[in-house]
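Okay, upload_10.cif now, which holds mmCIF, C-alpha atoms and all ligand atoms:
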data_entry
#
loop_
_atom_site.label_atom_id
_atom_site.label_comp_id
_atom_site.auth_asym_id
_atom_site.auth_seq_id
_atom_site.Cartn_x
_atom_site.Cartn_y
_atom_site.Cartn_z
CA MET A 1 0.00 0.00 0.00
CA ASN A 2 1.56 3.33 -1.07
CA GLN A 3 0.16 5.89 1.32
CA LYS A 4 1.22 9.41 2.23
CA PRO A 5 3.42 9.30 5.36
CA LEU A 6 1.41 10.27 8.40
CA CYS A 7 2.42 12.07 11.57
CA ILE A 8 0.47 11.06 14.67
CA LEU A 9 0.36 12.74 18.08
CA GLY A 10 -0.57 10.12 20.72
CA ILE A 11 -2.01 11.25 24.07
CA GLU A 12 -2.50 8.98 27.09
CA THR A 13 -4.08 10.01 30.42
CA SER A 14 -6.18 6.99 31.41
CA CYS A 15 -4.66 6.43 34.85
CA ASP A 16 -1.64 7.92 36.62
CA GLU A 17 0.69 8.73 33.71
CA THR A 18 0.44 11.85 31.58
CA ALA A 19 2.03 10.79 28.30
CA ALA A 20 2.45 12.02 24.74
CA ALA A 21 4.39 10.75 21.72
CA ILE A 22 4.98 11.41 18.05
CA TYR A 23 4.92 8.51 15.56
CA THR A 24 5.43 8.86 11.82
CA SER A 25 4.93 6.33 9.01
CA ASP A 26 8.50 6.62 7.77
CA LYS A 27 10.50 7.06 10.99
CA GLY A 28 8.43 5.31 13.69
CA VAL A 29 8.54 6.70 17.25
CA LEU A 30 10.20 10.15 17.24
CA SER A 31 9.45 11.00 20.86
CA ASN A 32 7.81 9.39 23.87
CA VAL A 33 7.40 11.70 26.86
CA LEU A 34 5.88 10.81 30.18
CA PHE A 35 5.16 12.24 33.60
CA SER A 36 4.50 9.56 36.20
CA GLN A 37 2.39 10.47 39.22
CA ILE A 38 3.62 7.47 41.22
CA ASP A 39 5.22 9.60 43.95
CA MET A 40 1.95 11.51 44.46
CA HIS A 41 -0.03 8.30 45.09
CA LYS A 42 2.63 6.40 47.08
CA ALA A 43 1.39 7.58 50.49
CA PHE A 44 -2.08 6.16 49.71
CA GLY A 45 -0.90 2.72 48.49
CA GLY A 46 -2.76 3.14 45.18
CA VAL A 47 -4.00 5.66 42.65
CA VAL A 48 -6.32 8.39 44.03
CA PRO A 49 -8.60 9.41 41.11
CA GLU A 50 -9.08 13.05 42.16
CA ILE A 51 -5.34 13.62 42.56
CA ALA A 52 -4.73 11.88 39.21
CA SER A 53 -7.08 14.05 37.17
CA ARG A 54 -5.85 17.30 38.73
CA SER A 55 -2.25 16.36 37.99
CA HIS A 56 -3.08 15.47 34.35
CA LEU A 57 -4.64 18.90 33.97
CA GLU A 58 -1.47 20.59 35.26
CA LYS A 59 0.92 18.55 33.14
CA ILE A 60 -0.75 17.80 29.83
CA GLN A 61 0.15 20.94 27.92
CA GLY A 62 3.84 20.76 28.91
CA ILE A 63 4.08 17.05 28.09
CA ILE A 64 2.58 17.53 24.62
CA SER A 65 4.90 20.49 23.91
CA GLU A 66 7.88 18.40 25.02
CA ALA A 67 6.83 15.50 22.76
CA LEU A 68 6.60 17.88 19.79
CA ASP A 69 9.93 19.56 20.62
CA LYS A 70 11.81 16.28 21.10
CA ALA A 71 10.47 14.98 17.80
CA GLU A 72 11.30 18.34 16.15
CA VAL A 73 7.78 18.45 14.79
CA THR A 74 5.38 21.40 14.85
CA LEU A 75 1.71 20.98 15.70
CA LYS A 76 0.99 22.10 12.13
CA ALA A 77 2.85 19.03 10.80
CA VAL A 78 0.72 16.62 12.85
CA ASP A 79 -1.96 14.90 10.74
CA VAL A 80 -3.91 13.04 13.40
CA ILE A 81 -4.41 13.22 17.16
CA ALA A 82 -4.86 9.81 18.76
CA VAL A 83 -6.13 9.85 22.34
CA THR A 84 -7.06 7.15 24.85
CA ASN A 85 -10.81 7.38 25.45
CA LYS A 86 -11.40 4.01 27.20
CA PRO A 87 -11.10 2.27 29.62
CA GLY A 88 -9.70 4.14 32.59
CA LEU A 89 -10.47 6.58 35.38
CA PRO A 90 -13.24 8.90 34.08
CA GLY A 91 -11.69 12.13 35.38
CA SER A 92 -8.28 11.21 33.98
CA LEU A 93 -9.63 10.12 30.57
CA LEU A 94 -11.61 13.36 30.31
CA VAL A 95 -8.50 15.51 30.57
CA GLY A 96 -6.81 13.79 27.61
CA VAL A 97 -9.94 13.61 25.48
CA CYS A 98 -10.97 17.25 26.09
CA PHE A 99 -7.45 18.48 25.39
CA ALA A 100 -7.19 16.40 22.21
CA LYS A 101 -10.57 17.63 20.98
CA ALA A 102 -9.59 21.24 21.65
CA ILE A 103 -6.41 20.88 19.57
CA ALA A 104 -8.23 18.96 16.83
CA TRP A 105 -10.88 21.67 16.59
CA ALA A 106 -8.51 24.64 16.77
CA GLN A 107 -5.95 23.18 14.35
CA GLU A 108 -8.42 21.34 12.10
CA LYS A 109 -6.86 17.92 12.67
CA GLU A 110 -8.38 14.47 12.52
CA ILE A 111 -8.97 12.80 15.91
CA ILE A 112 -9.12 9.09 16.80
CA GLY A 113 -10.28 7.63 20.13
CA ILE A 114 -8.05 4.72 21.16
CA ASN A 115 -8.84 1.74 23.36
CA HIS A 116 -6.05 1.62 25.95
CA LEU A 117 -6.09 -2.19 26.02
CA GLU A 118 -5.73 -2.40 22.23
CA ALA A 119 -2.73 -0.09 22.55
CA HIS A 120 -1.09 -2.42 25.08
CA ILE A 121 -1.83 -5.45 22.85
CA PHE A 122 0.00 -3.91 19.86
CA SER A 123 2.83 -2.33 21.89
CA SER A 124 4.92 -5.43 21.07
CA CYS A 125 4.65 -4.50 17.36
CA ILE A 126 6.16 -1.01 17.70
CA ASP A 127 9.73 -2.32 17.38
CA ASN A 128 9.10 -5.88 16.14
CA LYS A 129 7.53 -7.60 13.17
CA VAL A 130 5.29 -9.97 15.10
CA PRO A 131 3.55 -12.61 12.95
CA PHE A 132 -0.24 -13.11 13.09
CA PRO A 133 -2.11 -14.81 14.59
CA HIS A 134 -0.31 -14.53 17.89
CA LEU A 135 -1.12 -14.98 21.54
CA CYS A 136 -0.86 -11.84 23.68
CA ILE A 137 -0.62 -11.98 27.45
CA ALA A 138 -1.50 -8.51 28.71
CA ALA A 139 -0.73 -8.04 32.40
CA SER A 140 -0.96 -4.72 34.19
CA GLY A 141 -2.19 -3.28 37.48
CA GLY A 142 -5.80 -3.13 36.31
CA HIS A 143 -6.12 -5.91 33.73
CA THR A 144 -4.80 -9.37 32.96
CA SER A 145 -6.12 -10.99 29.80
CA LEU A 146 -5.20 -13.34 26.99
CA TYR A 147 -5.86 -12.34 23.40
CA LEU A 148 -5.77 -14.16 20.11
CA VAL A 149 -4.43 -11.40 17.86
CA LYS A 150 -5.29 -11.94 14.19
CA ASP A 151 -4.21 -8.66 12.58
CA PHE A 152 -3.70 -5.01 13.47
CA GLY A 153 -6.88 -4.03 15.29
CA VAL A 154 -8.35 -7.53 15.01
CA TYR A 155 -8.23 -9.53 18.22
CA GLU A 156 -10.36 -11.70 20.45
CA CYS A 157 -10.19 -12.03 24.23
CA ILE A 158 -9.81 -15.76 24.91
CA GLY A 159 -9.25 -15.60 28.66
CA HIS A 160 -9.02 -13.15 31.53
CA THR A 161 -8.63 -12.93 35.24
CA ARG A 162 -11.80 -13.62 37.13
CA ASP A 163 -10.79 -11.25 39.92
CA ASP A 164 -7.56 -9.34 40.56
CA ALA A 165 -5.01 -8.44 37.89
CA ALA A 166 -1.48 -9.87 38.08
CA GLY A 167 0.00 -6.46 38.91
CA GLU A 168 -2.60 -6.09 41.66
CA ALA A 169 -1.29 -9.28 43.30
CA PHE A 170 2.19 -7.72 43.43
CA ASP A 171 0.82 -4.38 44.66
CA LYS A 172 -1.40 -5.91 47.38
CA VAL A 173 1.22 -8.33 48.70
CA ALA A 174 3.76 -5.49 48.72
CA LYS A 175 1.30 -3.48 50.83
CA MET A 176 0.95 -6.43 53.26
CA LEU A 177 4.73 -6.51 53.59
CA GLY A 178 4.91 -2.75 54.18
CA LEU A 179 6.69 -2.24 50.85
CA PRO A 180 6.10 0.81 48.61
CA TYR A 181 3.67 1.14 45.69
CA PRO A 182 3.91 -0.08 42.97
CA GLY A 183 4.78 -3.50 44.30
CA GLY A 184 6.04 -5.19 41.11
CA PRO A 185 9.54 -3.69 40.88
CA VAL A 186 10.33 -4.10 44.60
CA ILE A 187 8.99 -7.69 44.65
CA GLU A 188 11.25 -8.47 41.68
CA LYS A 189 14.27 -6.93 43.43
CA LEU A 190 13.70 -8.89 46.67
CA ALA A 191 13.09 -12.14 44.75
CA ALA A 192 16.36 -11.68 42.83
CA GLU A 193 18.24 -11.37 46.14
CA VAL A 194 17.23 -14.97 46.99
CA ASN A 195 17.67 -16.21 43.45
CA PHE A 196 13.97 -16.73 42.67
CA GLN A 197 13.53 -19.73 44.95
CA ASP A 198 10.10 -21.09 45.79
CA PHE A 199 10.07 -21.14 49.62
CA PHE A 200 6.37 -21.41 50.42
CA SER A 201 4.81 -23.19 47.37
CA TYR A 202 1.63 -21.10 47.31
CA PRO A 203 -1.23 -23.03 45.69
CA ARG A 204 -1.56 -22.89 41.88
CA PRO A 205 -5.12 -22.85 40.45
CA LYS A 206 -6.13 -26.26 39.13
CA LYS A 207 -8.99 -25.30 36.76
CA LEU A 208 -8.20 -26.20 33.17
CA THR A 209 -9.53 -23.09 31.45
CA LEU A 210 -7.88 -20.09 29.82
CA ASP A 211 -9.00 -17.87 32.68
CA LEU A 212 -6.76 -16.73 35.50
CA SER A 213 -7.28 -15.79 39.14
CA PHE A 214 -4.91 -13.87 41.38
CA SER A 215 -7.15 -13.06 44.32
CA GLY A 216 -6.73 -16.58 45.79
CA LEU A 217 -2.96 -16.19 45.62
CA LYS A 218 -3.11 -12.91 47.54
CA THR A 219 -5.30 -14.58 50.19
CA ALA A 220 -2.94 -17.60 50.33
CA VAL A 221 -0.02 -15.25 51.06
CA LEU A 222 -2.06 -13.49 53.74
CA TYR A 223 -3.11 -16.75 55.49
CA ASP A 224 0.42 -18.13 55.28
CA LEU A 225 1.75 -14.98 56.97
CA ILE A 226 -0.93 -15.24 59.68
CA ALA A 227 -0.06 -18.93 60.25
CA ARG A 228 3.57 -17.87 60.74
CA ASN A 229 2.45 -15.27 63.34
CA ALA A 230 3.88 -12.67 60.98
CA TYR A 231 0.73 -10.63 60.29
CA ASP A 232 -2.05 -9.16 62.39
CA LEU A 233 -5.35 -9.13 60.53
CA LYS A 234 -6.97 -6.65 62.95
CA THR A 235 -4.39 -3.90 62.61
CA LYS A 236 -3.38 -4.99 59.08
CA LYS A 237 0.25 -4.79 60.17
CA LEU A 238 3.23 -7.00 59.52
CA LEU A 239 4.48 -8.40 62.86
CA ASN A 240 7.73 -9.84 61.55
CA GLU A 241 9.86 -7.23 59.81
CA SER A 242 12.70 -9.63 59.02
CA PRO A 243 14.20 -8.91 55.58
CA GLU A 244 14.54 -12.67 54.99
CA LEU A 245 10.78 -13.21 55.34
CA LYS A 246 10.05 -10.39 52.85
CA GLN A 247 12.52 -11.86 50.36
CA GLN A 248 11.01 -15.33 50.75
CA VAL A 249 7.41 -14.13 50.30
CA ALA A 250 8.38 -11.96 47.31
CA SER A 251 10.28 -14.78 45.64
CA SER A 252 7.58 -17.43 46.26
CA LEU A 253 4.93 -15.03 44.93
CA LEU A 254 6.86 -14.24 41.76
CA VAL A 255 7.58 -17.91 41.05
CA CYS A 256 3.89 -18.72 41.55
CA VAL A 257 2.83 -15.98 39.11
CA ARG A 258 5.42 -17.29 36.65
CA ASP A 259 3.94 -20.79 36.91
CA MET A 260 0.40 -19.49 36.42
CA LEU A 261 1.33 -17.48 33.31
CA SER A 262 3.47 -20.26 31.93
CA THR A 263 0.67 -22.82 32.38
CA ILE A 264 -1.80 -20.52 30.66
CA ILE A 265 0.57 -20.15 27.67
CA GLU A 266 0.85 -23.95 27.40
CA ARG A 267 -2.93 -24.33 27.48
CA ALA A 268 -3.48 -21.57 24.92
CA VAL A 269 -0.89 -23.01 22.52
CA LYS A 270 -2.58 -26.41 22.71
CA THR A 271 -6.08 -24.91 22.28
CA TYR A 272 -5.03 -22.62 19.40
CA PRO A 273 -2.32 -24.46 17.42
CA GLU A 274 -2.45 -21.71 14.75
CA ILE A 275 -0.62 -19.33 17.14
CA GLN A 276 2.59 -18.13 15.41
CA ALA A 277 4.17 -16.21 18.28
CA ILE A 278 3.68 -15.17 21.89
CA THR A 279 3.78 -11.60 23.19
CA PHE A 280 3.89 -10.33 26.76
CA VAL A 281 2.77 -6.72 27.35
CA GLY A 282 1.63 -4.30 30.09
CA GLY A 283 3.39 -3.00 33.20
CA VAL A 284 4.05 -6.50 34.58
CA ALA A 285 6.03 -7.28 31.40
CA CYS A 286 8.76 -4.97 32.78
CA ASN A 287 9.67 -7.93 34.98
CA LYS A 288 12.90 -9.42 33.59
CA TYR A 289 12.44 -12.74 35.39
CA LEU A 290 8.94 -13.20 33.93
CA ARG A 291 10.13 -12.15 30.46
CA GLN A 292 12.91 -14.74 30.51
CA SER A 293 10.75 -17.50 32.00
CA LEU A 294 7.87 -16.96 29.58
CA GLU A 295 10.29 -16.80 26.66
CA ALA A 296 11.59 -20.22 27.77
CA THR A 297 8.03 -21.57 27.76
CA ALA A 298 7.40 -20.12 24.28
CA THR A 299 10.65 -21.63 23.00
CA LYS A 300 9.59 -25.04 24.35
CA TYR A 301 6.67 -24.83 21.90
CA GLN A 302 8.84 -23.41 19.08
CA LYS A 303 7.06 -20.06 19.21
CA PRO A 304 9.00 -16.80 18.88
CA PHE A 305 8.52 -14.53 21.89
CA PHE A 306 8.21 -10.73 21.90
CA ALA A 307 7.94 -8.32 24.80
CA PRO A 308 8.08 -4.56 24.19
CA ALA A 309 10.99 -2.45 25.44
CA PRO A 310 10.20 -1.56 29.10
CA LYS A 311 9.42 2.06 28.04
CA TYR A 312 6.48 0.65 26.03
CA CYS A 313 5.29 -1.82 28.74
CA GLY A 314 3.80 0.61 31.24
CA ASP A 315 1.36 3.26 30.08
CA ASN A 316 2.89 5.46 27.37
CA GLY A 317 1.98 7.70 24.47
CA ALA A 318 3.90 5.75 21.80
CA MET A 319 1.52 2.78 21.92
CA ILE A 320 -1.44 5.15 21.52
CA ALA A 321 0.19 6.89 18.54
CA PHE A 322 1.08 3.49 17.02
CA VAL A 323 -2.54 2.27 17.08
CA GLY A 324 -3.63 5.73 15.90
CA HIS A 325 -1.32 5.27 12.92
CA TYR A 326 -2.83 2.03 11.60
CA LYS A 327 -6.34 3.34 12.24
CA ALA A 328 -5.51 6.56 10.36
CA GLN A 329 -4.18 4.52 7.42
CA ARG A 330 -7.58 2.82 7.33
CA GLN A 331 -9.37 6.18 7.71
CA GLU A 332 -10.98 5.00 10.95
CA PHE A 333 -11.40 8.48 12.36
CA SER A 334 -13.56 9.65 15.26
CA ASP A 335 -15.10 13.12 15.39
CA LEU A 336 -15.45 15.96 17.84
CA PHE A 337 -18.31 14.13 19.58
CA LEU A 338 -15.73 11.63 20.85
CA ASP A 339 -16.55 10.76 24.46
CA ILE A 340 -14.96 8.69 27.19
CA LEU A 341 -16.08 5.17 28.09
CA HIS A 342 -14.90 3.72 31.38
O1 LIG B 401 0.56 -1.01 32.67
P1 LIG B 401 0.81 -0.33 33.98
O2 LIG B 401 1.96 0.66 34.06
O3 LIG B 401 -0.45 0.44 34.47
C1 LIG B 401 -1.73 -0.11 34.41
O4 LIG B 401 -2.10 -0.78 35.39
O5 LIG B 401 -2.39 0.09 33.35
O6 LIG B 401 1.02 -1.47 35.07
C2 LIG B 401 1.28 -1.20 36.41
C3 LIG B 401 1.46 -2.52 37.12
C4 LIG B 401 1.57 -2.37 38.63
O7 LIG B 401 0.67 -3.28 39.24
C5 LIG B 401 3.01 -2.72 38.92
O8 LIG B 401 3.20 -3.34 40.19
C6 LIG B 401 3.33 -3.68 37.79
O9 LIG B 401 2.67 -3.16 36.68
N1 LIG B 401 4.77 -3.74 37.54
C7 LIG B 401 5.49 -4.86 37.72
C8 LIG B 401 6.85 -4.49 37.46
N2 LIG B 401 6.88 -3.18 37.13
C9 LIG B 401 5.59 -2.73 37.18
N3 LIG B 401 5.13 -6.10 38.08
C10 LIG B 401 6.11 -7.00 38.19
N4 LIG B 401 7.41 -6.74 37.99
C11 LIG B 401 7.83 -5.50 37.62
N5 LIG B 401 9.13 -5.26 37.43
ZN ZN B 402 -2.17 0.33 30.97
#
How does this structure look as C-alpha cells?
Amino acid sequence: MNQKPLCILGIETSCDETAAAIYTSDKGVLSNVLFSQIDMHKAFGGVVPEIASRSHLEKIQGIISEALDKAEVTLKAVDVIAVTNKPGLPGSLLVGVCFAKAIAWAQEKEIIGINHLEAHIFSSCIDNKVPFPHLCIAASGGHTSLYLVKDFGVYECIGHTRDDAAGEAFDKVAKMLGLPYPGGPVIEKLAAEVNFQDFFSYPRPKKLTLDLSFSGLKTAVLYDLIARNAYDLKTKKLLNESPELKQQVASSLLVCVRDMLSTIIERAVKTYPEIQAITFVGGVACNKYLRQSLEATATKYQKPFFAPAPKYCGDNGAMIAFVGHYKAQRQEFSDLFLDILH
C-alpha cells in the first residue's frame, strides 16, 4: 500500500501517567514523553482518582509540547491526534480527550479515540515484526487478559482474570509486607536477592480453562503470613519485619505468578495451534524474570517470543500513537463528539 506518510500525536491520560508521543509512518517513534504520578499516590498505596485528574490537567500541555519539541515536529505538521478514550479513570480520561478535541478543533486535525487495552496489545509490534495470529498476554495493574491477535486491530479475548489483575497481586502483597507502591519492581528486586527460589509453594489454580485468578494467591499469602504469626489481621500490620521473610514471600509469589502465566501459555498453545508467536505486554512485562521465564516456555513450543521495550510496557503515548497510525491509514477516524467510556 503506497500511502502518504502520516504524523500522529498520541495522548494517554487513562490512569496515573500523563504521556504524549509522536509517531510517523516513515521514521516510527520520534518521541515518547511521560510524567508519572507514582510519587503523588505512594502515600495512599494506590491511585487516588481526584489527585490523578488534577495532575493530568497541570501537566498535559507541557508534556505535549515536550513531545513535539523532542520529535522536532510542529503541531501544524501533525496529521492526526490519537487519544485514549477508554477504559480508565473517568476524570483522567476526560483531561486527555478534552485536550485532544480542543487541539483537533482549533488546528483542524483528525482525531481518533483509542482503546487503551488495544494499545497495550500492539505495543509489542512497535519495534518488532510480530507474525499473526499470535497470543498476547496482557498483564498490568488493572487488567490481565489473553488475546488471540489476528491482525492489526483484530483480536479476540480468549481468557481473563476472574478477579484481581497480576500487577494487583504484586501491589497488594507489597502493601501487606509494608513495601512501597507499585509492588512489582520491589517484589522483583527482593526475589532476585534470593535467586527466585520457591520457599512457600503457594497453591496454583487447578482449573483447566484459559481464565486466571490472582485473588486466591493474595489470600494464600495473607493466610500463610498469619499462620507464621507474621501478620495481624486486625491492625493490618506485619508483625515480623525480618528482611529474609520479605525476600522469601516476594520470591515465592513471583515464582507462583510465573507458573500461572506459563501454564496458561501452554494451554493456549494447545487450544489454538495456529498461534505463530507469543507476546507479553503491560506493566508486569517490565519484569525481567517473567520475560525470561515466559520466553523459555514459548521456546519449548517453538514459538517466537516478543515483549516490548520496558518504556512501552507501562502506560505510554507511543503505543497510543502506534494504534492511531494504523487506524488513520484505514481512515478510521472519530469526530469531535468523541466521548470517554470507562
Ligand atoms: O501497565 P501499567 O503501568 O499500568 C496499568 O495498570 O495500566 O502497570 C502497572 C502494574 C503495577 O501493578 C506494577 O506493580 C506492575 O505493573 N509492575 C510490575 C513491574 N513493574 C511494574 N510487576 C512485576 N514486575 C515488575 N518489574
Ligand atoms: Zn495500561
Legend entry - d(atom CA of A:Ser201, atom CA of A:Ile158) in Å: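 Taking atom CA of A:Ser201 as the start and atom CA of A:Ile158 as the end point, the length is 27.8 Å.
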Legend entry - Nearby residues, ligand LIG 401 (chain B), 8 Å, only C-alpha atoms and all ligand atoms, as a VMD selection string: chain A and resid 15 to 16 120 139 to 143 165 to 171 181 to 188 282 to 288 290 313 to 315
Please list as an mmCIF file with C-alpha atoms, in the frame of the given file every residue within 8 Å of A:Gln248, counting all atoms listed in the file and excluding residues in the same chain fewer than 6 positions away.
data_model
loop_
_atom_site.group_PDB
_atom_site.id
_atom_site.type_symbol
_atom_site.label_atom_id
_atom_site.label_comp_id
_atom_site.auth_asym_id
_atom_site.auth_seq_id
_atom_site.Cartn_x
_atom_site.Cartn_y
_atom_site.Cartn_z
ATOM 1 C CA ALA A 191 13.090 -12.140 44.750
ATOM 2 C CA VAL A 194 17.230 -14.970 46.990
ATOM 3 C CA GLN A 197 13.530 -19.730 44.950
ATOM 4 C CA ASP A 198 10.100 -21.090 45.790
ATOM 5 C CA PHE A 199 10.070 -21.140 49.620
ATOM 6 C CA PHE A 200 6.370 -21.410 50.420
#
Legend entry - A:Val249, A:Val281, A:Ala309, A:Leu135 ranked by distance to ligand ZN 402 (chain B), top pick (using all atoms listed in the file): A:Val281
Legend entry - Distance criterion (only C-alpha atoms): nearest to A:Leu294 out of A:Pro273, A:Cys136, A:Thr235, A:Tyr326: A:Cys136
Inset, instruction - Give me, please, the distance in Å between atom CA of A:Ala71 and atom CA of A:Gln37, quoted to one decimal. - result: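 If I compute the distance from atom CA of A:Ala71 to atom CA of A:Gln37, I get 23.3 Å.
Among the candidate residues A:His325, A:Leu68, A:Glu17, A:Lys76, the one lying nearest to A:Arg54 is A:Glu17, with distances computed using all atoms listed in the file.
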Legend entry - stretch 329-338 of chain A environment, 10 Å, only C-alpha atoms, sequence neighbours closer than 4 positions dropped, as a list in words: Met1, Gln3, Lys4, Pro5, Leu6, Ser25, Val80, Ile81, Ala82, Val83, Asn85, Val97, Cys98, Ala100, Lys101, Ala102, Ala104, Trp105, Lys109, Glu110, Ile111, Ile112, Gly113, Ile114, Gly324 and His325 of chain A
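With distances taken over all atoms listed in the file, A:Glu12 is the one residue among A:Asp151, A:Glu12, A:Asp39, A:Asp26 lying closest to ligand ZN 402 (chain B).
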Inset, instruction - Mind checking which residues fall within 8 Å of A:Arg258, counting all atoms listed in the file, ignoring those fewer than 2 positions away in the same chain, and posting them as a list of chain:residue names? - result: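 Near A:Arg258, the qualifying residues are A:Leu254, A:Val255, A:Cys256, A:Met260, A:Leu261, A:Ser262, A:Leu290, A:Ser293, A:Leu294.
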Since we have the selection now, will you write its residues out, keeping C-alpha atoms, as a compact mmCIF listing (two decimals), keeping the file's coordinate frame?
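To be explicit, this is the file written out as again_28.txt:
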# COMPACT_ATOMS: atom_id res chain seq x y z
CA LEU A 254 6.86 -14.24 41.76
CA VAL A 255 7.58 -17.91 41.05
CA CYS A 256 3.89 -18.72 41.55
CA MET A 260 0.40 -19.49 36.42
CA LEU A 261 1.33 -17.48 33.31
CA SER A 262 3.47 -20.26 31.93
CA LEU A 290 8.94 -13.20 33.93
CA SER A 293 10.75 -17.50 32.00
CA LEU A 294 7.87 -16.96 29.58
Legend entry - A:Leu117, A:Ala192, A:Ile22, A:Ile103 ranked by distance to ligand ZN 402 (chain B), top pick (using all atoms listed in the file):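 Selected residue with least distance to ligand ZN 402 (chain B): A:Leu117.
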Inset, instruction - Counting all atoms listed in the file, figure out which residue out of A:Gln61, A:Ser123, A:Thr13, A:Thr24 gets nearest to A:Ile340. - result: A:Thr13
Please provide the set of residues having any atom within 12 Å of A:Asp232, restricted to all atoms listed in the file, with same-chain residues fewer than 5 positions apart removed, written as a compact mmCIF listing (two decimals) with C-alpha atoms, keeping the file's coordinate frame.
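Output file part_39.txt is given in full below:
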# COMPACT_ATOMS: atom_id res chain seq x y z
CA MET A 176 0.95 -6.43 53.26
CA LEU A 177 4.73 -6.51 53.59
CA LEU A 222 -2.06 -13.49 53.74
CA TYR A 223 -3.11 -16.75 55.49
CA ASP A 224 0.42 -18.13 55.28
CA LEU A 225 1.75 -14.98 56.97
CA ILE A 226 -0.93 -15.24 59.68
CA ALA A 227 -0.06 -18.93 60.25
CA LYS A 237 0.25 -4.79 60.17
CA LEU A 238 3.23 -7.00 59.52
CA LEU A 239 4.48 -8.40 62.86
CA ASN A 240 7.73 -9.84 61.55
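Separating atom CA of A:Ser213 from atom CA of A:Leu253 is a distance of 13.5 Å.
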How big is the axis-aligned box around the listed atoms of stretch 96-106 of chain A once 8 Å is added on each side, and where is its centre? Give both in Å to one decimal, as JSON.
{"center_x": -8.7, "center_y": 19.1, "center_z": 22.1, "size_x": 20.6, "size_y": 27.0, "size_z": 27.0}
Inset, instruction - Determine, counting all atoms listed in the file, every residue of protein, DNA or RNA that lies within 6 Å of (-7.3, 1.2, 26.6) in the file coordinates, then give the result as a list in words. - result: Lys86, Pro87, Asn115, His116, Leu117 and Glu118 of chain A
Skip A:Ala268 itself and residues of its chain fewer than 4 positions away, then list as a short mmCIF file (atom, residue, chain, number, x, y, z; two decimals) with C-alpha atoms, in the coordinates of the input all residues within 12 Å of it, counting only C-alpha atoms.
data_model
loop_
_atom_site.label_atom_id
_atom_site.label_comp_id
_atom_site.auth_asym_id
_atom_site.auth_seq_id
_atom_site.Cartn_x
_atom_site.Cartn_y
_atom_site.Cartn_z
CA HIS A 134 -0.31 -14.53 17.89
CA LEU A 135 -1.12 -14.98 21.54
CA CYS A 136 -0.86 -11.84 23.68
CA ILE A 137 -0.62 -11.98 27.45
CA SER A 145 -6.12 -10.99 29.80
CA LEU A 146 -5.20 -13.34 26.99
CA TYR A 147 -5.86 -12.34 23.40
CA LEU A 148 -5.77 -14.16 20.11
CA CYS A 157 -10.19 -12.03 24.23
CA ILE A 158 -9.81 -15.76 24.91
CA GLY A 159 -9.25 -15.60 28.66
CA LEU A 208 -8.20 -26.20 33.17
CA THR A 209 -9.53 -23.09 31.45
CA LEU A 210 -7.88 -20.09 29.82
CA ASP A 211 -9.00 -17.87 32.68
CA LEU A 261 1.33 -17.48 33.31
CA SER A 262 3.47 -20.26 31.93
CA THR A 263 0.67 -22.82 32.38
CA ILE A 264 -1.80 -20.52 30.66
CA TYR A 272 -5.03 -22.62 19.40
CA PRO A 273 -2.32 -24.46 17.42
CA GLU A 274 -2.45 -21.71 14.75
CA ILE A 275 -0.62 -19.33 17.14
CA GLN A 276 2.59 -18.13 15.41
CA ALA A 277 4.17 -16.21 18.28
CA ILE A 278 3.68 -15.17 21.89
CA THR A 297 8.03 -21.57 27.76
CA ALA A 298 7.40 -20.12 24.28
CA TYR A 301 6.67 -24.83 21.90
#
Legend entry - Point (-3.9, 6.0, 43.9), cut-off 10 Å, counting only C-alpha atoms, residues as a PyMOL selection string: chain A and resi 15-16+37-52+181-182
